[in-house]
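The structure appears below as structure tokens.
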Amino acid sequence: LSEGCCHLYPGHIPTSPLQKALLAAGSALTALYDPYRHDMVAVLGETTGCLVLPSLRDKMKHDPEGYRILQERPRIRLSTLDVNRLRGLPDGTLGREYIRFLEDNKVSPDTRMPAKFVDDEELAYVIQRYREVHDLMHTLLGMPTNMLGEVVVKWFEAIQTGLPMCVLGAAFGPVRLSARKLRVLATELLPWAIQSGRNANCILNIYYERRWEQTVESLREEIGIFPPPAVRV
């Protein structure tokens, strides 16, 4: 391939299957050593997600709201959010609780890496969308960004999406937890996350930007997420 003809979208880096395998192995080892290396988690997601991303895209294409998202390609960035308006919404609404989550945990949607290694422009958007709604999953599931909260969200996302990166995070994340947190995970949080993941509609089929005024409670009910257990995470 000559230079220039193989870049499918801005930032795309064409890679061979062998290069993808090497990137996947290296990023997996780094991410297991340091789960907060979001760049490595992102590379792992892209290099291992090729088998799953087409089915996620098809789920979006066959759902009216999901199809609209694929057509309009909304992005969740600080530049696309009216933070002051969301902050002014009533307590309990998705927009208010999302901004509260970002502020309480000192996180920003702008830290989500742009897709680089996915060799299909539409599938690159699908994984980008998954990344950008990750903090909304924390908000809907009521989970903080500590290791226990991340493991719970990863279990939910693994069941929802089937992405190998989520499965890996769900399986290996618990090794860093204390005995007390492992007990809470095993007895309370894990059964709830698995049950909710199986019961819920595809999380990529919700146009969250058009739901800011909706209450978290009613959106959970609509998607099929059960109320979180009353335990300290």
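Letters A, B, ... go to the chains of the structure tokens in the order shown; residues in each chain start at 1; ligands are counted from 1 in the same order.
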
Can you pull out every residue from stretch 94-193 of chain A that DSSP, working from the backbone, puts in alpha helix (DSSP H), and format the result as a PyMOL selection string? chain A and resi 94-104+121-132+134-141+147-161+164-172+179-184+190-193

Contacts of stretch 161-175 of chain A at 10 Å (only C-alpha atoms; same-chain gap of 4+ positions) as a PyMOL selection string: chain A and resi 24+28+31-32+35+41-53+55-56+127+130+147-148+150-157+179+181-182+185-186+190+197+202-204

Quick one: of A:Ile223, A:Ile99, A:Ala193, A:Ile69, who's nearest to A:Arg210, counting only C-alpha atoms? A:Ile69

Between atom CA of A:Leu177 and atom CA of A:His138, measure the distance and give it in Å to one decimal. 18.4 Å
